[in-house]
>>> print(open('protein22.pdb').read())   # PDB, C-alpha atoms, pLDDT in the B column
ATOM      1  CA  MET L 206       0.000   0.000   0.000  1.00 46.00           C
ATOM      2  CA  VAL L 207       1.137   3.530  -0.785  1.00 48.00           C
ATOM      3  CA  ILE L 208       0.131   6.497   1.348  1.00 49.00           C
ATOM      4  CA  GLY L 209      -0.079  10.003  -0.113  1.00 53.00           C
ATOM      5  CA  THR L 210       0.164  12.921   2.299  1.00 55.00           C
ATOM      6  CA  ILE L 211      -0.444  16.526   1.244  1.00 52.00           C
ATOM      7  CA  ARG L 212      -1.485  19.899   2.559  1.00 54.00           C
ATOM      8  CA  THR L 213      -4.790  20.295   0.746  1.00 49.00           C
ATOM      9  CA  GLU L 214      -4.429  23.273  -1.533  1.00 52.00           C
ATOM     10  CA  PRO L 215      -6.411  23.757  -4.747  1.00 48.00           C
ATOM     11  CA  ASP L 216      -3.387  23.317  -7.021  1.00 43.00           C
ATOM     12  CA  VAL L 217      -2.281  20.130  -5.294  1.00 46.00           C
ATOM     13  CA  LEU L 218      -5.791  18.684  -5.202  1.00 42.00           C
ATOM     14  CA  ARG L 219      -5.977  19.200  -8.959  1.00 41.00           C
ATOM     15  CA  THR L 220      -2.821  17.075  -9.389  1.00 42.00           C
ATOM     16  CA  LEU L 221      -3.275  14.140  -6.999  1.00 45.00           C
ATOM     17  CA  PRO L 222      -6.426  12.531  -8.468  1.00 42.00           C
ATOM     18  CA  ALA L 223      -4.573  11.794 -11.713  1.00 41.00           C
ATOM     19  CA  MET L 224      -2.293   9.478  -9.741  1.00 45.00           C
ATOM     20  CA  ASN L 225      -5.236   7.323  -8.751  1.00 41.00           C
ATOM     21  CA  MET L 226      -6.458   6.984 -12.329  1.00 38.00           C
ATOM     22  CA  SER L 227      -3.109   5.563 -13.425  1.00 40.00           C
ATOM     23  CA  GLU L 228      -2.880   2.578 -11.072  1.00 42.00           C
ATOM     24  CA  PRO L 229      -5.808   2.493  -8.643  1.00 39.00           C
ATOM     25  CA  ALA L 230      -4.834  -0.896  -7.221  1.00 37.00           C
ATOM     26  CA  GLN L 231      -1.324   0.289  -6.423  1.00 38.00           C
ATOM     27  CA  ILE L 232      -1.849   3.739  -4.945  1.00 42.00           C
ATOM     28  CA  VAL L 233      -4.094   4.750  -2.073  1.00 46.00           C
ATOM     29  CA  ASP L 234      -4.603   8.343  -1.052  1.00 47.00           C
ATOM     30  CA  TYR L 235      -5.677   8.877   2.519  1.00 47.00           C
ATOM     31  CA  PHE L 236      -7.627  11.998   3.379  1.00 45.00           C
ATOM     32  CA  GLY L 237      -9.772  10.598   6.145  1.00 43.00           C
ATOM     33  CA  GLU L 238     -12.796   9.652   4.044  1.00 47.00           C
ATOM     34  CA  LYS L 239     -11.992   6.017   4.864  1.00 50.00           C
ATOM     35  CA  THR L 240     -12.092   6.747   8.588  1.00 48.00           C
ATOM     36  CA  ARG L 241     -15.278   5.772  10.380  1.00 51.00           C
ATOM     37  CA  LYS L 242     -17.156   8.358  12.415  1.00 49.00           C
ATOM     38  CA  GLY L 243     -15.784   8.504  15.947  1.00 48.00           C
ATOM     39  CA  GLU L 244     -12.386   7.141  14.940  1.00 50.00           C
ATOM     40  CA  GLN L 245      -9.465   9.463  15.567  1.00 60.00           C
ATOM     41  CA  LEU L 246      -7.986  10.639  12.290  1.00 62.00           C
ATOM     42  CA  ALA L 247      -4.399  10.895  13.598  1.00 72.00           C
ATOM     43  CA  GLN L 248      -4.535   7.324  14.915  1.00 77.00           C
ATOM     44  CA  ALA L 249      -6.094   6.014  11.689  1.00 75.00           C
ATOM     45  CA  LEU L 250      -3.432   7.777   9.606  1.00 78.00           C
ATOM     46  CA  SER L 251      -0.633   6.414  11.768  1.00 81.00           C
ATOM     47  CA  GLN L 252      -2.025   2.895  11.348  1.00 81.00           C
ATOM     48  CA  ALA L 253      -2.310   3.391   7.580  1.00 81.00           C
ATOM     49  CA  ILE L 254       1.278   4.664   7.404  1.00 82.00           C
ATOM     50  CA  ALA L 255       2.469   1.690   9.464  1.00 83.00           C
ATOM     51  CA  ALA L 256       0.648  -0.722   7.131  1.00 83.00           C
ATOM     52  CA  SER L 257       2.185   0.830   4.014  1.00 84.00           C
ATOM     53  CA  ASN L 258       5.684   0.384   2.691  1.00 87.00           C
ATOM     54  CA  LEU L 259       5.886   3.647   0.758  1.00 89.00           C
ATOM     55  CA  SER L 260       4.727   7.214   1.314  1.00 89.00           C
ATOM     56  CA  ILE L 261       4.464   9.996  -1.233  1.00 90.00           C
ATOM     57  CA  VAL L 262       4.779  13.365   0.478  1.00 93.00           C
ATOM     58  CA  ILE L 263       3.721  16.375  -1.600  1.00 92.00           C
ATOM     59  CA  LEU L 264       5.429  19.408  -0.107  1.00 94.00           C
ATOM     60  CA  SER L 265       3.755  22.674  -1.093  1.00 93.00           C
ATOM     61  CA  VAL L 266       4.196  26.278   0.042  1.00 93.00           C
ATOM     62  CA  ASP L 267       1.837  25.959   3.030  1.00 92.00           C
ATOM     63  CA  TYR L 268       2.751  22.388   4.036  1.00 94.00           C
ATOM     64  CA  ALA L 269       4.651  23.435   7.181  1.00 95.00           C
ATOM     65  CA  SER L 270       1.722  25.537   8.400  1.00 94.00           C
ATOM     66  CA  SER L 271      -0.250  22.353   9.083  1.00 92.00           C
ATOM     67  CA  LYS L 272       0.374  20.708  12.455  1.00 92.00           C
ATOM     68  CA  SER L 273      -1.275  17.502  11.259  1.00 88.00           C
ATOM     69  CA  CYS L 274       0.899  17.344   8.115  1.00 90.00           C
ATOM     70  CA  LEU L 275       4.034  17.821  10.196  1.00 94.00           C
ATOM     71  CA  ALA L 276       2.924  15.146  12.677  1.00 92.00           C
ATOM     72  CA  GLU L 277       2.304  12.725   9.783  1.00 91.00           C
ATOM     73  CA  LEU L 278       5.669  13.622   8.258  1.00 94.00           C
ATOM     74  CA  SER L 279       7.406  12.984  11.578  1.00 95.00           C
ATOM     75  CA  ASP L 280       5.700   9.574  11.761  1.00 93.00           C
ATOM     76  CA  ILE L 281       6.631   8.748   8.155  1.00 93.00           C
ATOM     77  CA  MET L 282      10.277   9.776   8.541  1.00 95.00           C
ATOM     78  CA  GLY L 283      10.531   7.833  11.810  1.00 94.00           C
ATOM     79  CA  ARG L 284       9.341   4.709  10.016  1.00 92.00           C
ATOM     80  CA  LYS L 285      11.793   5.387   7.180  1.00 92.00           C
ATOM     81  CA  ASN L 286      14.621   5.242   9.700  1.00 86.00           C
ATOM     82  CA  THR L 287      13.401   2.215  11.653  1.00 89.00           C
ATOM     83  CA  GLN L 288      11.366   0.064   9.234  1.00 87.00           C
ATOM     84  CA  GLN L 289      12.845   0.699   5.760  1.00 85.00           C
ATOM     85  CA  HIS L 290       9.726   2.645   4.812  1.00 90.00           C
ATOM     86  CA  THR L 291      10.291   4.278   1.403  1.00 92.00           C
ATOM     87  CA  VAL L 292       9.605   8.011   1.226  1.00 94.00           C
ATOM     88  CA  LEU L 293       9.158   9.795  -2.103  1.00 94.00           C
ATOM     89  CA  PRO L 294       8.997  13.579  -1.843  1.00 96.00           C
ATOM     90  CA  ILE L 295       7.360  15.751  -4.467  1.00 94.00           C
ATOM     91  CA  PHE L 296       8.403  19.384  -4.156  1.00 95.00           C
ATOM     92  CA  TYR L 297       5.331  21.109  -5.561  1.00 93.00           C
ATOM     93  CA  HIS L 298       6.145  24.719  -6.477  1.00 93.00           C
ATOM     94  CA  VAL L 299       8.755  24.838  -3.685  1.00 95.00           C
ATOM     95  CA  ASP L 300      12.533  24.683  -3.865  1.00 95.00           C
ATOM     96  CA  PRO L 301      13.908  21.554  -2.124  1.00 97.00           C
ATOM     97  CA  SER L 302      16.680  23.703  -0.599  1.00 97.00           C
ATOM     98  CA  HIS L 303      13.996  25.823   1.118  1.00 97.00           C
ATOM     99  CA  VAL L 304      12.670  22.642   2.716  1.00 97.00           C
ATOM    100  CA  ARG L 305      16.039  21.294   3.929  1.00 96.00           C
ATOM    101  CA  ASN L 306      17.130  24.769   5.129  1.00 98.00           C
ATOM    102  CA  ILE L 307      13.692  25.810   6.466  1.00 97.00           C
ATOM    103  CA  CYS L 308      13.577  29.133   4.582  1.00 95.00           C
ATOM    104  CA  GLY L 309      10.849  31.535   3.526  1.00 91.00           C
ATOM    105  CA  SER L 310       7.267  30.553   4.355  1.00 92.00           C
ATOM    106  CA  PHE L 311       8.537  27.377   6.043  1.00 96.00           C
ATOM    107  CA  LYS L 312      10.604  29.433   8.512  1.00 97.00           C
ATOM    108  CA  ALA L 313       7.592  31.597   9.356  1.00 96.00           C
ATOM    109  CA  SER L 314       5.410  28.505   9.897  1.00 96.00           C
ATOM    110  CA  PHE L 315       7.919  26.898  12.258  1.00 97.00           C
ATOM    111  CA  GLU L 316       8.324  30.150  14.190  1.00 97.00           C
ATOM    112  CA  GLU L 317       4.552  30.186  14.652  1.00 96.00           C
ATOM    113  CA  HIS L 318       4.566  26.564  15.876  1.00 97.00           C
ATOM    114  CA  GLU L 319       7.411  27.338  18.301  1.00 97.00           C
ATOM    115  CA  SER L 320       5.291  30.039  19.919  1.00 97.00           C
ATOM    116  CA  ASN L 321       2.338  27.771  20.687  1.00 95.00           C
ATOM    117  CA  ARG L 322       3.483  24.121  20.621  1.00 95.00           C
ATOM    118  CA  PRO L 323       5.797  22.090  22.885  1.00 96.00           C
ATOM    119  CA  LEU L 324       9.408  22.672  21.832  1.00 96.00           C
ATOM    120  CA  ASP L 325      10.289  18.949  21.661  1.00 96.00           C
ATOM    121  CA  GLU L 326       7.381  18.368  19.278  1.00 96.00           C
ATOM    122  CA  VAL L 327       8.473  21.223  16.978  1.00 97.00           C
ATOM    123  CA  LYS L 328      12.070  19.910  17.062  1.00 97.00           C
ATOM    124  CA  ARG L 329      10.837  16.502  15.828  1.00 97.00           C
ATOM    125  CA  TRP L 330       8.838  18.187  13.077  1.00 97.00           C
ATOM    126  CA  LYS L 331      11.833  20.298  12.022  1.00 98.00           C
ATOM    127  CA  ALA L 332      14.141  17.278  11.951  1.00 98.00           C
ATOM    128  CA  ALA L 333      11.685  15.358   9.761  1.00 97.00           C
ATOM    129  CA  PHE L 334      11.225  18.386   7.492  1.00 97.00           C
ATOM    130  CA  VAL L 335      14.974  18.892   7.049  1.00 98.00           C
ATOM    131  CA  GLU L 336      15.471  15.169   6.415  1.00 97.00           C
ATOM    132  CA  ILE L 337      12.824  14.961   3.693  1.00 97.00           C
ATOM    133  CA  GLY L 338      14.343  18.056   2.083  1.00 97.00           C
ATOM    134  CA  LYS L 339      17.574  16.086   1.658  1.00 98.00           C
ATOM    135  CA  LEU L 340      15.869  13.207  -0.169  1.00 97.00           C
ATOM    136  CA  LYS L 341      15.889  12.923  -3.931  1.00 96.00           C
ATOM    137  CA  GLY L 342      12.416  13.387  -5.319  1.00 95.00           C
ATOM    138  CA  TRP L 343      10.502  15.263  -7.983  1.00 94.00           C
ATOM    139  CA  HIS L 344      10.645  19.047  -8.214  1.00 94.00           C
ATOM    140  CA  ILE L 345       7.555  20.417  -9.961  1.00 93.00           C
ATOM    141  CA  GLN L 346       8.324  24.077 -10.545  1.00 90.00           C
ATOM    142  CA  GLY L 347       5.262  24.949 -12.599  1.00 83.00           C
ATOM    143  CA  GLY L 348       7.029  27.418 -14.869  1.00 81.00           C
ATOM    144  CA  LYS L 349       6.233  27.746 -18.540  1.00 79.00           C
ATOM    145  CA  PHE L 350       9.368  25.732 -19.444  1.00 80.00           C
ATOM    146  CA  ASP L 351       8.641  22.966 -16.937  1.00 83.00           C
ATOM    147  CA  ARG L 352       7.121  19.642 -17.959  1.00 88.00           C
ATOM    148  CA  SER L 353       3.408  19.133 -17.448  1.00 87.00           C
ATOM    149  CA  GLU L 354       2.170  17.843 -14.101  1.00 86.00           C
ATOM    150  CA  THR L 355       0.746  14.814 -15.913  1.00 87.00           C
ATOM    151  CA  GLU L 356       4.246  13.855 -17.068  1.00 90.00           C
ATOM    152  CA  TYR L 357       5.542  14.082 -13.507  1.00 90.00           C
ATOM    153  CA  ILE L 358       2.652  11.944 -12.270  1.00 87.00           C
ATOM    154  CA  LYS L 359       3.437   9.291 -14.882  1.00 90.00           C
ATOM    155  CA  ASP L 360       7.068   9.296 -13.735  1.00 91.00           C
ATOM    156  CA  VAL L 361       6.054   8.815 -10.095  1.00 90.00           C
ATOM    157  CA  VAL L 362       3.640   6.013 -10.920  1.00 88.00           C
ATOM    158  CA  GLN L 363       6.203   4.251 -13.124  1.00 91.00           C
ATOM    159  CA  TYR L 364       8.816   4.564 -10.369  1.00 90.00           C
ATOM    160  CA  ILE L 365       6.435   3.011  -7.838  1.00 86.00           C
ATOM    161  CA  ILE L 366       5.457   0.167 -10.173  1.00 86.00           C
ATOM    162  CA  LYS L 367       9.128  -0.660 -10.797  1.00 85.00           C
ATOM    163  CA  SER L 368       9.986  -0.535  -7.065  1.00 75.00           C
TER     164      SER L 368
END
>>> encode(input="protein22.pdb", output="structure tokens")
Amino acid sequence: MVIGTIRTEPDVLRTLPAMNMSEPAQIVDYFGEKTRKGEQLAQALSQAIAASNLSIVILSVDYASSKSCLAELSDIMGRKNTQQHTVLPIFYHVDPSHVRNICGSFKASFEEHESNRPLDEVKRWKAAFVEIGKLKGWHIQGGKFDRSETEYIKDVVQYIIKS
């Protein structure tokens, strides 16, 4: 099973469904619709991540502003280090160096978290964020000279099928 984790933004939501059309038996996105009423979403996501062997993390401009995305990322990166969980980052309209160096909007988001979250929790989130920024992945810039998003999606799906 493959888990996709994103910060739900209109541009990203436009891209992700195409992944499911390519190989629906191979790729599962997890937005909580599969969670039964009364079940805790964080716990259900953690169980889904644990049951999968690969996670696709789509990092967008506002990704670090989401506490739940950072908690999921921390869980995913922890499993990468302890259970050989494969992590495939997609840098969606963000520079990978801004992720690994926590620059720009990411810096502002972490500063906000540091002001109202436990410091040890934010440190875990930062470590996971920096680590994923160091991984090789796909960088979708979205400029007029960039490839189409559909081509990137095909590359990701082909990579997963071959893995």
>>> closest_residue(input="protein22.pdb", among="L:Gln252, L:Val335, L:Arg352, L:Asp360", to="Val304 (chain L)", atoms="all atoms listed in the file")
L:Val335
>>> atom_distance(input="protein22.pdb", atom1="CA of Ile261 (chain L)", atom2="CA of Tyr364 (chain L)")
11.5 Å
>>> residues_around(input="protein22.pdb", residues="Trp330 (chain L)", least_positions_apart="6", cutoff="8 Å", atoms="all atoms listed in the file", output="list in words")
Leu275, Ala276, Leu278 and Ser279 of chain L
>>> resolve_selection(input="protein22.pdb", expression="the PyMOL selection byres ((chain L and resi 282-290) around 12)", output="number ranges by chain")
L: 206-208, 251-262, 275-281, 291-294, 329-340
>>> atom_distance(input="protein22.pdb", atom1="CA of Ser265 (chain L)", atom2="CA of Asp325 (chain L)")
24.0 Å
>>> atom_distance(input="protein22.pdb", atom1="CA of Ser310 (chain L)", atom2="CA of Asp351 (chain L)")
22.6 Å
>>> closest_residue(input="protein22.pdb", among="L:His344, L:His318, L:Ser353, L:Ser270", to="Ser302 (chain L)", atoms="all atoms listed in the file")
L:His344
>>> closest_residue(input="protein22.pdb", among="L:Phe296, L:Arg305, L:Gln363, L:Ser368", to="Gly342 (chain L)", atoms="all atoms listed in the file")
L:Phe296
>>> closest_residue(input="protein22.pdb", among="L:Gly309, L:Val327, L:Trp343, L:His303", to="Ser273 (chain L)", atoms="all atoms listed in the file")
L:Val327
>>> resolve_selection(input="protein22.pdb", expression="the PyMOL selection byres ((chain L and resi 264) around 9)", output="PyMOL selection string")
chain L and resi 210-212+262-263+265-269+294-299+301+304
